[in-house]
$ cat my_file.cif   # mmCIF, C-alpha atoms
data_protein
#
loop_
_atom_site.label_atom_id
_atom_site.label_comp_id
_atom_site.auth_asym_id
_atom_site.auth_seq_id
_atom_site.Cartn_x
_atom_site.Cartn_y
_atom_site.Cartn_z
CA MET A 18 47.85 -10.10 6.23
CA LYS A 19 49.93 -11.16 3.26
CA LEU A 20 48.69 -13.29 0.35
CA LYS A 21 49.97 -14.39 -3.02
CA VAL A 22 47.20 -15.12 -5.52
CA GLU A 23 47.00 -15.83 -9.23
CA ARG A 24 45.54 -12.98 -11.28
CA ASP A 25 42.80 -15.13 -12.88
CA GLU A 26 41.70 -16.47 -9.49
CA ILE A 27 41.25 -13.06 -7.85
CA GLN A 28 39.60 -11.74 -11.01
CA ARG A 29 37.06 -14.59 -10.90
CA VAL A 30 36.18 -13.96 -7.26
CA LEU A 31 36.01 -10.17 -7.62
CA GLN A 32 33.85 -10.50 -10.75
CA ASN A 33 31.28 -12.47 -8.75
CA ILE A 34 30.77 -9.67 -6.20
CA GLN A 35 30.63 -6.63 -8.49
CA GLY A 36 26.83 -6.71 -8.66
CA ILE A 37 26.52 -6.82 -4.87
CA VAL A 38 28.86 -4.09 -3.65
CA GLU A 39 27.24 -0.67 -3.59
CA LYS A 40 28.64 2.00 -5.91
CA LYS A 41 26.80 4.93 -4.33
CA THR A 42 25.99 4.50 -0.67
CA THR A 43 25.74 6.47 2.55
CA MET A 44 27.72 3.62 4.17
CA PRO A 45 31.20 3.66 2.56
CA VAL A 46 31.98 0.20 3.91
CA LEU A 47 29.33 -1.30 1.58
CA SER A 48 31.52 -0.42 -1.40
CA HIS A 49 34.17 -2.70 0.15
CA PHE A 50 34.48 -6.44 0.54
CA LEU A 51 35.91 -8.16 3.60
CA LEU A 52 38.94 -10.35 2.95
CA LYS A 53 39.73 -12.78 5.80
CA ALA A 54 42.77 -15.04 5.78
CA ASP A 55 43.00 -17.66 8.50
CA LYS A 56 43.16 -21.40 7.88
CA ALA A 57 41.35 -20.65 4.63
CA ILE A 58 40.60 -17.41 2.79
CA SER A 59 37.08 -16.02 2.50
CA VAL A 60 35.72 -13.05 0.55
CA ILE A 61 32.52 -11.47 1.87
CA ALA A 62 30.42 -8.83 0.10
CA THR A 63 27.02 -7.47 1.12
CA ASP A 64 24.52 -4.69 0.45
CA LEU A 65 22.68 -5.66 3.70
CA ASP A 66 19.98 -7.53 1.72
CA ILE A 67 22.19 -9.84 -0.34
CA THR A 68 25.42 -11.42 0.86
CA ILE A 69 27.99 -13.42 -1.08
CA ILE A 70 30.59 -15.50 0.73
CA SER A 71 33.17 -17.22 -1.46
CA SER A 72 36.55 -18.86 -0.99
CA LEU A 73 39.76 -17.60 -2.57
CA LYS A 74 42.59 -19.95 -3.52
CA ALA A 75 45.88 -18.29 -2.55
CA ASP A 76 49.08 -18.82 -0.60
CA ILE A 77 48.75 -17.43 2.94
CA ILE A 78 52.03 -15.85 3.97
CA GLU A 79 50.56 -13.97 6.96
CA LYS A 80 47.04 -14.25 8.41
CA GLY A 81 44.79 -11.23 8.83
CA SER A 82 41.75 -9.36 7.54
CA LEU A 83 40.88 -6.09 5.82
CA CYS A 84 37.95 -4.34 4.10
CA ILE A 85 39.06 -3.51 0.56
CA PRO A 86 37.44 -1.24 -2.10
CA ALA A 87 35.87 -3.83 -4.40
CA ARG A 88 35.57 -1.99 -7.70
CA LYS A 89 39.02 -0.38 -7.56
CA LEU A 90 40.83 -3.64 -6.80
CA PHE A 91 38.86 -5.30 -9.60
CA GLU A 92 39.97 -2.58 -12.03
CA ILE A 93 43.59 -2.91 -10.91
CA THR A 94 43.80 -6.70 -11.18
CA LYS A 95 42.12 -6.63 -14.59
CA GLU A 96 45.15 -4.75 -15.97
CA LEU A 97 47.82 -6.89 -14.32
CA GLU A 98 49.57 -9.75 -16.09
CA ASP A 99 51.30 -11.73 -13.32
CA SER A 100 50.38 -13.18 -9.93
CA VAL A 101 49.34 -10.62 -7.31
CA LEU A 102 50.74 -9.96 -3.84
CA LEU A 103 48.27 -8.43 -1.35
CA GLU A 104 49.83 -7.05 1.82
CA SER A 105 48.06 -5.08 4.57
CA GLN A 106 50.02 -2.23 6.11
CA GLU A 107 49.61 0.29 8.94
CA ASN A 108 46.40 2.33 9.22
CA ASN A 109 44.44 -0.14 7.05
CA TRP A 110 46.36 0.46 3.83
CA LEU A 111 46.65 -2.36 1.30
CA ARG A 112 49.72 -2.76 -0.91
CA VAL A 113 49.02 -4.48 -4.23
CA SER A 114 52.04 -5.52 -6.25
CA SER A 115 52.53 -7.54 -9.41
CA GLY A 116 55.73 -7.62 -11.45
CA LYS A 117 57.01 -4.04 -11.49
CA SER A 118 53.55 -2.56 -10.73
CA THR A 119 52.66 -1.34 -7.23
CA PHE A 120 49.43 0.20 -5.94
CA LYS A 121 48.30 1.37 -2.52
CA LEU A 122 44.62 1.30 -1.56
CA MET A 123 43.05 2.74 1.57
CA GLY A 124 41.01 0.06 3.30
CA LEU A 125 38.86 -0.13 6.44
CA PRO A 126 39.16 -2.32 9.54
CA GLU A 127 37.18 -5.55 9.79
CA ALA A 128 35.33 -4.14 12.83
CA GLU A 129 33.47 -1.68 10.56
CA TYR A 130 32.04 -4.41 8.33
CA PRO A 131 28.36 -5.25 8.94
CA ALA A 132 27.65 -8.40 10.92
CA MET A 133 26.23 -11.24 8.87
CA PRO A 134 22.53 -11.99 9.58
CA GLU A 135 21.80 -14.83 11.95
CA VAL A 136 19.83 -17.38 10.02
CA SER A 137 17.65 -20.14 11.39
CA GLN A 138 17.76 -23.64 9.95
CA ALA A 139 16.59 -24.03 6.36
CA GLU A 140 15.21 -26.87 4.26
CA ASN A 141 17.42 -27.70 1.30
CA ILE A 142 16.54 -28.74 -2.23
CA ILE A 143 18.91 -29.39 -5.14
CA LEU A 144 18.08 -27.85 -8.52
CA ASN A 145 19.61 -28.30 -11.93
CA ALA A 146 21.48 -25.03 -12.59
CA LYS A 147 20.37 -24.76 -16.22
CA THR A 148 16.71 -25.28 -15.22
CA LEU A 149 16.83 -22.60 -12.52
CA LYS A 150 18.62 -20.12 -14.80
CA ASP A 151 16.01 -20.68 -17.51
CA MET A 152 13.11 -20.22 -15.07
CA ILE A 153 14.56 -16.94 -13.77
CA GLU A 154 15.28 -15.55 -17.24
CA LYS A 155 11.77 -16.38 -18.45
CA THR A 156 10.10 -14.47 -15.62
CA ILE A 157 12.38 -11.70 -14.37
CA TYR A 158 11.70 -9.30 -17.25
CA ALA A 159 8.06 -9.04 -16.14
CA THR A 160 8.83 -7.96 -12.55
CA GLY A 161 8.40 -4.40 -11.34
CA ASP A 162 11.15 -1.81 -10.96
CA ASN A 163 10.83 0.16 -7.72
CA ASP A 164 7.08 -0.45 -7.77
CA LEU A 165 5.18 1.00 -4.81
CA ARG A 166 3.55 -2.43 -4.54
CA TYR A 167 6.83 -3.74 -3.17
CA THR A 168 5.94 -7.44 -3.55
CA LEU A 169 6.01 -6.94 -7.33
CA ASN A 170 9.73 -6.00 -7.18
CA GLY A 171 10.71 -9.65 -7.04
CA ILE A 172 9.90 -13.05 -8.46
CA LEU A 173 7.64 -15.47 -6.62
CA MET A 174 9.13 -18.92 -6.07
CA HIS A 175 6.24 -21.21 -5.22
CA PHE A 176 7.28 -24.67 -4.00
CA ILE A 177 4.47 -27.24 -3.95
CA PRO A 178 5.28 -30.67 -2.44
CA LYS A 179 4.02 -33.67 -4.43
CA LYS A 180 4.12 -37.38 -3.59
CA LYS A 181 7.55 -38.07 -5.07
CA ALA A 182 8.76 -34.63 -6.15
CA VAL A 183 8.26 -30.89 -5.79
CA GLU A 184 6.53 -28.63 -8.30
CA LEU A 185 8.26 -25.27 -8.63
CA LYS A 186 6.38 -22.34 -10.11
CA VAL A 187 8.28 -19.11 -10.75
CA VAL A 188 6.23 -15.98 -11.41
CA GLY A 189 7.02 -12.39 -12.36
CA THR A 190 4.51 -9.54 -12.76
CA ASP A 191 4.38 -5.75 -12.74
CA GLY A 192 0.59 -5.53 -12.85
CA HIS A 193 0.47 -5.03 -16.64
CA ARG A 194 1.92 -8.38 -17.65
CA LEU A 195 2.70 -11.69 -16.01
CA SER A 196 5.05 -14.56 -16.79
CA LEU A 197 4.82 -18.02 -15.24
CA ILE A 198 6.90 -21.15 -15.70
CA SER A 199 6.35 -24.47 -13.97
CA LYS A 200 8.72 -27.44 -13.56
CA GLU A 201 8.67 -30.64 -11.53
CA ILE A 202 11.92 -31.15 -9.64
CA GLU A 203 13.34 -33.97 -7.52
CA GLY A 204 13.36 -33.57 -3.76
CA LYS A 205 11.14 -33.35 -0.70
CA LEU A 206 9.77 -30.45 1.33
CA SER A 207 7.77 -30.55 4.54
CA GLU A 208 5.22 -27.97 3.37
CA GLU A 209 4.21 -25.60 0.59
CA LYS A 210 6.30 -22.42 0.44
CA LYS A 211 5.69 -19.09 -1.29
CA LEU A 212 8.86 -16.99 -1.21
CA ILE A 213 9.44 -13.64 -2.95
CA LEU A 214 13.04 -13.29 -4.12
CA PRO A 215 14.16 -9.68 -4.81
CA LYS A 216 14.88 -8.88 -8.46
CA LYS A 217 18.50 -7.96 -7.76
CA ALA A 218 19.15 -11.31 -6.09
CA ALA A 219 17.51 -13.18 -8.97
CA VAL A 220 19.71 -11.31 -11.47
CA GLU A 221 22.84 -12.21 -9.51
CA ILE A 222 21.89 -15.87 -9.23
CA SER A 223 21.20 -16.09 -12.96
CA ARG A 224 24.57 -14.49 -13.69
CA LEU A 225 26.43 -16.87 -11.38
CA LEU A 226 24.89 -19.95 -12.99
CA GLY A 227 27.37 -20.25 -15.83
CA GLU A 228 27.85 -23.16 -18.20
CA ASN A 229 30.22 -24.98 -15.82
CA VAL A 230 27.70 -25.16 -12.95
CA VAL A 231 25.67 -28.39 -12.95
CA ASN A 232 23.61 -28.25 -9.74
CA ILE A 233 22.81 -25.64 -7.11
CA THR A 234 21.63 -26.23 -3.55
CA VAL A 235 18.78 -23.94 -2.53
CA GLY A 236 18.06 -23.41 1.17
CA LEU A 237 14.63 -22.14 2.18
CA ASN A 238 13.37 -20.56 5.36
CA LYS A 239 10.88 -17.87 6.33
CA ASN A 240 13.10 -14.82 5.82
CA HIS A 241 16.00 -15.89 3.58
CA MET A 242 16.97 -18.02 0.61
CA PHE A 243 20.46 -19.50 0.25
CA PHE A 244 22.05 -20.52 -3.02
CA THR A 245 25.19 -22.65 -2.76
CA LEU A 246 27.32 -23.59 -5.76
CA GLU A 247 30.81 -24.99 -5.54
CA ASP A 248 32.86 -22.52 -3.43
CA LEU A 249 30.27 -19.74 -3.18
CA THR A 250 27.09 -19.08 -1.20
CA LEU A 251 24.65 -16.24 -1.93
CA THR A 252 22.17 -15.36 0.82
CA SER A 253 19.21 -13.11 0.08
CA ARG A 254 16.70 -11.54 2.39
CA LEU A 255 13.16 -12.19 1.11
CA ILE A 256 10.51 -9.58 0.34
CA GLU A 257 7.81 -9.70 2.99
CA GLY A 258 4.15 -9.52 2.01
CA THR A 259 1.54 -11.39 0.00
CA TYR A 260 2.11 -11.95 -3.69
CA PRO A 261 -0.92 -11.47 -6.00
CA ASN A 262 -2.94 -14.60 -6.77
CA TYR A 263 -1.31 -15.30 -10.12
CA ASP A 264 -3.68 -18.17 -10.90
CA GLN A 265 -6.63 -15.76 -11.06
CA VAL A 266 -4.83 -13.59 -13.62
CA ILE A 267 -4.29 -16.36 -16.18
CA PRO A 268 -7.28 -16.44 -18.57
CA LYS A 269 -8.82 -19.90 -18.83
CA GLY A 270 -11.57 -19.45 -21.42
CA ASN A 271 -10.08 -17.39 -24.25
CA GLU A 272 -11.65 -18.94 -27.35
CA LYS A 273 -9.84 -17.19 -30.22
CA LYS A 274 -6.53 -18.91 -31.09
CA MET A 275 -3.80 -17.36 -33.26
CA THR A 276 -0.46 -19.03 -34.01
CA ALA A 277 2.49 -17.16 -35.56
CA ASP A 278 6.02 -18.05 -36.58
CA LYS A 279 8.19 -16.62 -33.78
CA VAL A 280 11.03 -15.21 -35.89
CA ILE A 281 8.72 -13.63 -38.48
CA PHE A 282 6.49 -12.20 -35.75
CA LEU A 283 9.38 -10.68 -33.78
CA LYS A 284 10.91 -9.03 -36.84
CA ALA A 285 7.55 -7.58 -37.88
CA ILE A 286 6.60 -6.18 -34.47
CA LYS A 287 10.07 -4.71 -33.99
CA ARG A 288 9.82 -2.84 -37.30
CA THR A 289 6.28 -1.64 -36.62
CA SER A 290 7.10 -0.44 -33.10
CA ILE A 291 9.72 1.98 -34.46
CA MET A 292 6.91 4.44 -35.13
CA SER A 293 5.05 3.92 -31.85
CA ARG A 294 4.87 6.66 -29.25
CA GLU A 295 7.66 6.72 -26.70
CA GLY A 296 6.40 5.75 -23.28
CA THR A 297 3.31 3.86 -24.40
CA ASN A 298 4.85 1.80 -27.25
CA ALA A 299 1.27 1.34 -28.44
CA ILE A 300 0.64 -0.98 -31.36
CA ARG A 301 -2.63 -2.34 -32.78
CA PHE A 302 -3.22 -5.90 -33.95
CA ASP A 303 -5.90 -6.32 -36.60
CA ILE A 304 -6.51 -10.06 -36.73
CA GLU A 305 -8.53 -11.86 -39.37
CA PRO A 306 -8.48 -15.41 -40.79
CA GLY A 307 -4.96 -16.21 -41.99
CA LYS A 308 -3.61 -12.69 -41.48
CA LEU A 309 -2.27 -10.34 -38.77
CA THR A 310 -1.81 -6.65 -39.52
CA MET A 311 0.28 -4.64 -37.06
CA ILE A 312 -0.22 -0.87 -37.01
CA SER A 313 1.46 1.90 -35.02
CA ILE A 314 0.51 5.56 -35.35
CA ASN A 315 2.42 8.53 -33.99
CA PRO A 316 0.73 11.87 -34.76
CA ASP A 317 4.07 13.69 -34.50
CA LEU A 318 6.03 11.34 -36.76
CA GLY A 319 3.83 9.16 -38.94
CA GLU A 320 2.76 5.54 -38.96
CA ALA A 321 3.90 1.99 -39.72
CA ARG A 322 1.97 -1.02 -40.99
CA GLU A 323 3.10 -4.63 -41.40
CA GLU A 324 1.22 -7.74 -42.45
CA ILE A 325 2.18 -11.37 -41.72
CA SER A 326 0.53 -14.74 -42.27
CA VAL A 327 -0.84 -16.50 -39.19
CA GLN A 328 -3.06 -19.44 -38.33
CA TYR A 329 -6.39 -17.99 -37.23
CA LYS A 330 -9.98 -18.99 -38.00
CA GLY A 331 -12.07 -16.82 -35.65
CA ASP A 332 -14.00 -13.61 -36.09
CA PRO A 333 -11.98 -10.47 -36.93
CA LEU A 334 -10.52 -8.79 -33.83
CA SER A 335 -8.70 -5.51 -33.20
CA ILE A 336 -6.69 -5.23 -29.98
CA GLY A 337 -3.98 -2.86 -28.72
CA PHE A 338 -0.80 -3.77 -26.83
CA ASN A 339 2.35 -2.26 -25.43
CA ALA A 340 4.70 -3.61 -28.11
CA ARG A 341 7.60 -3.97 -25.68
CA TYR A 342 5.58 -6.24 -23.41
CA VAL A 343 4.67 -8.54 -26.30
CA MET A 344 8.25 -8.56 -27.62
CA ASP A 345 9.72 -9.36 -24.19
CA ALA A 346 7.40 -12.35 -23.83
CA ALA A 347 8.05 -13.60 -27.37
CA LYS A 348 11.83 -13.31 -26.99
CA ALA A 349 11.75 -15.42 -23.82
CA MET A 350 9.94 -18.26 -25.56
CA GLY A 351 11.60 -21.28 -27.13
CA GLY A 352 10.32 -23.23 -30.10
CA GLU A 353 9.44 -22.01 -33.56
CA ALA A 354 5.87 -20.77 -33.03
CA ILE A 355 3.87 -18.69 -30.53
CA ARG A 356 0.21 -19.19 -29.71
CA PHE A 357 -2.04 -16.30 -28.67
CA ASP A 358 -5.28 -17.08 -26.81
CA LEU A 359 -7.55 -14.04 -27.17
CA GLN A 360 -11.09 -13.10 -26.20
CA ASP A 361 -11.85 -9.47 -27.02
CA SER A 362 -10.19 -6.04 -27.11
CA LEU A 363 -10.44 -5.54 -23.33
CA SER A 364 -9.58 -9.00 -21.98
CA PRO A 365 -6.06 -10.19 -21.11
CA THR A 366 -4.26 -12.22 -23.76
CA LEU A 367 -2.45 -15.47 -23.00
CA MET A 368 0.80 -16.18 -24.90
CA GLN A 369 2.38 -19.63 -24.89
CA GLU A 370 4.94 -21.63 -26.81
CA ALA A 371 2.95 -23.54 -29.41
CA GLU A 372 4.35 -26.91 -28.30
CA ASP A 373 4.89 -26.34 -24.56
CA ASN A 374 2.31 -25.25 -21.97
CA ASP A 375 4.78 -25.10 -19.06
CA TYR A 376 5.53 -21.44 -19.85
CA SER A 377 2.77 -18.84 -19.98
CA CYS A 378 2.72 -15.07 -20.41
CA VAL A 379 -0.27 -12.81 -19.85
CA VAL A 380 -0.37 -9.34 -21.41
CA MET A 381 -3.06 -6.77 -20.63
CA PRO A 382 -4.45 -4.95 -23.68
CA MET A 383 -4.32 -1.18 -24.23
CA ARG A 384 -7.04 1.17 -25.41
CA ILE A 385 -5.79 2.75 -28.64
#

$ encode --input "my_file.cif" --output "structure tokens"
Amino acid sequence: MKLKVERDEIQRVLQNIQGIVEKKTTMPVLSHFLLKADKAISVIATDLDITIISSLKADIIEKGSLCIPARKLFEITKELEDSVLLESQENNWLRVSSGKSTFKLMGLPEAEYPAMPEVSQAENIILNAKTLKDMIEKTIYATGDNDLRYTLNGILMHFIPKKKAVELKVVGTDGHRLSLISKEIEGKLSEEKKLILPKKAAVEISRLLGENVVNITVGLNKNHMFFTLEDLTLTSRLIEGTYPNYDQVIPKGNEKKMTADKVIFLKAIKRTSIMSREGTNAIRFDIEPGKLTMISINPDLGEAREEISVQYKGDPLSIGFNARYVMDAAKAMGGEAIRFDLQDSLSPTLMQEAEDNDYSCVVMPMRI
């Protein structure tokens, strides 16, 4: 195999796979990508759950294939200034040359690379890239990290066919908080689908959806989701299991309504949380007509208190929260104001953008 490729082109392709290739693994081949040059050139990277296949624009001097260390080649090409010549040699070595620079990398034969999963036919739907990116970013922060309830380690993508469109609901939860965003999208599906996309795959998709991507084709079947944009396809194995009934978690009858300016609120809670206990991040809201007082107390350090003006006309209420959960939800919201629907000190609180009900966050209170 012998290829000549522009530095920016190989950098772009290698950048796209850095989140997929494994850094520490019991299978050394998973830290490599497979480069195949035939009539066209393809780059394949996998961690056995997520696979990226992309094309590489280069001049093919000799056909061939080789498994190449992904991170090391990325580091090398990042420092080069001219076009790059990639040439396979005996015993799976790769010679990388550019200008007066030469490197040799030990590769692995194509035969050692994992076989790609056989995938049955999928239904396709086209999504606006900006819309999908926004939906992922507004829910992914609420998902679990290595939670024993494995279905919580991903986002739920709930496709609901309508007469002339499809309603997509994306949900993230870790059992202490929940985020939900709903959008109507063009397209048709044969039936309702509830698919749990792993957090890592969602992060990679969000990262790939840059400003230059307009639309993305999403393929759906029972075990996998496929995301195709321009010259790249990401395939992800789905998390098996039943996702919690998110509709039951969202409070419907919270009668106490508080509205706060988002920027003022975020600055105040960030300052107050400085004194909260590590681990719990506990903070107390004392709410009364026209005023919210935030209080954090740490017996080992001291306390913090901050008061801001809010719109509120109900009975006084004191309620505790994990400050980080409230901040994460507020940061994800657009608009200038946040509305809190509250009931009492033990009931879940609903947070929404004051002018948009498509995005909802639920935060469980804390006893403090």

$ resolve_selection --input "my_file.cif" --expression "the PyMOL selection byres ((chain A and resi 101) around 10)" --output "ChimeraX atom specification"
/A:20-27,75,94,97-100,102-104,113-116,118-119

$ closest_residue --input "my_file.cif" --among "A:Glu295, A:Glu96, A:Glu203, A:Asp278" --to "A:Glu370" --atoms "only C-alpha atoms"
A:Asp278

$ axis_aligned_box --input "my_file.cif" --around "stretch 275-284 of chain A" --padding-each-side "4 Å" --output "lines of an AutoDock Vina configuration file"
center_x = 3.6
center_y = -14.0
center_z = -35.9
size_x = 22.8
size_y = 18.0
size_z = 13.2

$ resolve_selection --input "my_file.cif" --expression "the PyMOL selection byres ((chain A and resi 325-329) around 9)" --output "ChimeraX atom specification"
/A:273-278,281-282,285,304-311,323-324,330-332

$ atom_distance --input "my_file.cif" --atom1 "atom CA of A:Thr43" --atom2 "atom CA of A:Tyr130"
13.8 Å

$ closest_residue --input "my_file.cif" --among "A:Met133, A:Leu226, A:Met44, A:Ile77" --to "A:Ala146" --atoms "only C-alpha atoms"
A:Leu226

$ build_atoms --input "my_file.cif" --residues "stretch 32-46 of chain A" --atoms "N, CA and C atoms" --output "mmCIF file, keeping the file's coordinate frame"
data_model
loop_
_atom_site.group_PDB
_atom_site.id
_atom_site.type_symbol
_atom_site.label_atom_id
_atom_site.label_comp_id
_atom_site.auth_asym_id
_atom_site.auth_seq_id
_atom_site.Cartn_x
_atom_site.Cartn_y
_atom_site.Cartn_z
ATOM 1 N N GLN A 32 34.922 -10.619 -9.764
ATOM 2 C CA GLN A 32 33.850 -10.500 -10.750
ATOM 3 C C GLN A 32 32.510 -10.908 -10.149
ATOM 4 N N ASN A 33 32.516 -11.949 -9.331
ATOM 5 C CA ASN A 33 31.280 -12.470 -8.750
ATOM 6 C C ASN A 33 30.611 -11.519 -7.770
ATOM 7 N N ILE A 34 31.358 -10.550 -7.216
ATOM 8 C CA ILE A 34 30.770 -9.670 -6.200
ATOM 9 C C ILE A 34 30.475 -8.269 -6.728
ATOM 10 N N GLN A 35 30.792 -7.993 -7.987
ATOM 11 C CA GLN A 35 30.630 -6.630 -8.490
ATOM 12 C C GLN A 35 29.166 -6.169 -8.479
ATOM 13 N N GLY A 36 28.239 -7.092 -8.674
ATOM 14 C CA GLY A 36 26.830 -6.710 -8.660
ATOM 15 C C GLY A 36 26.262 -6.511 -7.273
ATOM 16 N N ILE A 37 27.006 -6.919 -6.248
ATOM 17 C CA ILE A 37 26.520 -6.820 -4.870
ATOM 18 C C ILE A 37 27.022 -5.552 -4.191
ATOM 19 N N VAL A 38 28.308 -5.256 -4.354
ATOM 20 C CA VAL A 38 28.860 -4.090 -3.650
ATOM 21 C C VAL A 38 28.207 -2.809 -4.167
ATOM 22 N N GLU A 39 27.929 -1.901 -3.248
ATOM 23 C CA GLU A 39 27.240 -0.670 -3.590
ATOM 24 C C GLU A 39 28.208 0.355 -4.177
ATOM 25 N N LYS A 40 27.804 0.968 -5.287
ATOM 26 C CA LYS A 40 28.640 2.000 -5.910
ATOM 27 C C LYS A 40 28.405 3.355 -5.234
ATOM 28 N N LYS A 41 27.138 3.679 -4.998
ATOM 29 C CA LYS A 41 26.800 4.930 -4.330
ATOM 30 C C LYS A 41 26.037 4.587 -3.065
ATOM 31 N N THR A 42 26.609 4.894 -1.931
ATOM 32 C CA THR A 42 25.990 4.500 -0.670
ATOM 33 C C THR A 42 26.357 5.489 0.425
ATOM 34 N N THR A 43 25.454 5.626 1.393
ATOM 35 C CA THR A 43 25.740 6.470 2.550
ATOM 36 C C THR A 43 26.621 5.722 3.554
ATOM 37 N N MET A 44 26.823 4.420 3.323
ATOM 38 C CA MET A 44 27.720 3.620 4.170
ATOM 39 C C MET A 44 28.927 3.215 3.312
ATOM 40 N N PRO A 45 30.026 3.947 3.405
ATOM 41 C CA PRO A 45 31.200 3.660 2.560
ATOM 42 C C PRO A 45 31.674 2.213 2.626
ATOM 43 N N VAL A 46 31.480 1.566 3.764
ATOM 44 C CA VAL A 46 31.980 0.200 3.910
ATOM 45 C C VAL A 46 31.270 -0.766 2.959
#
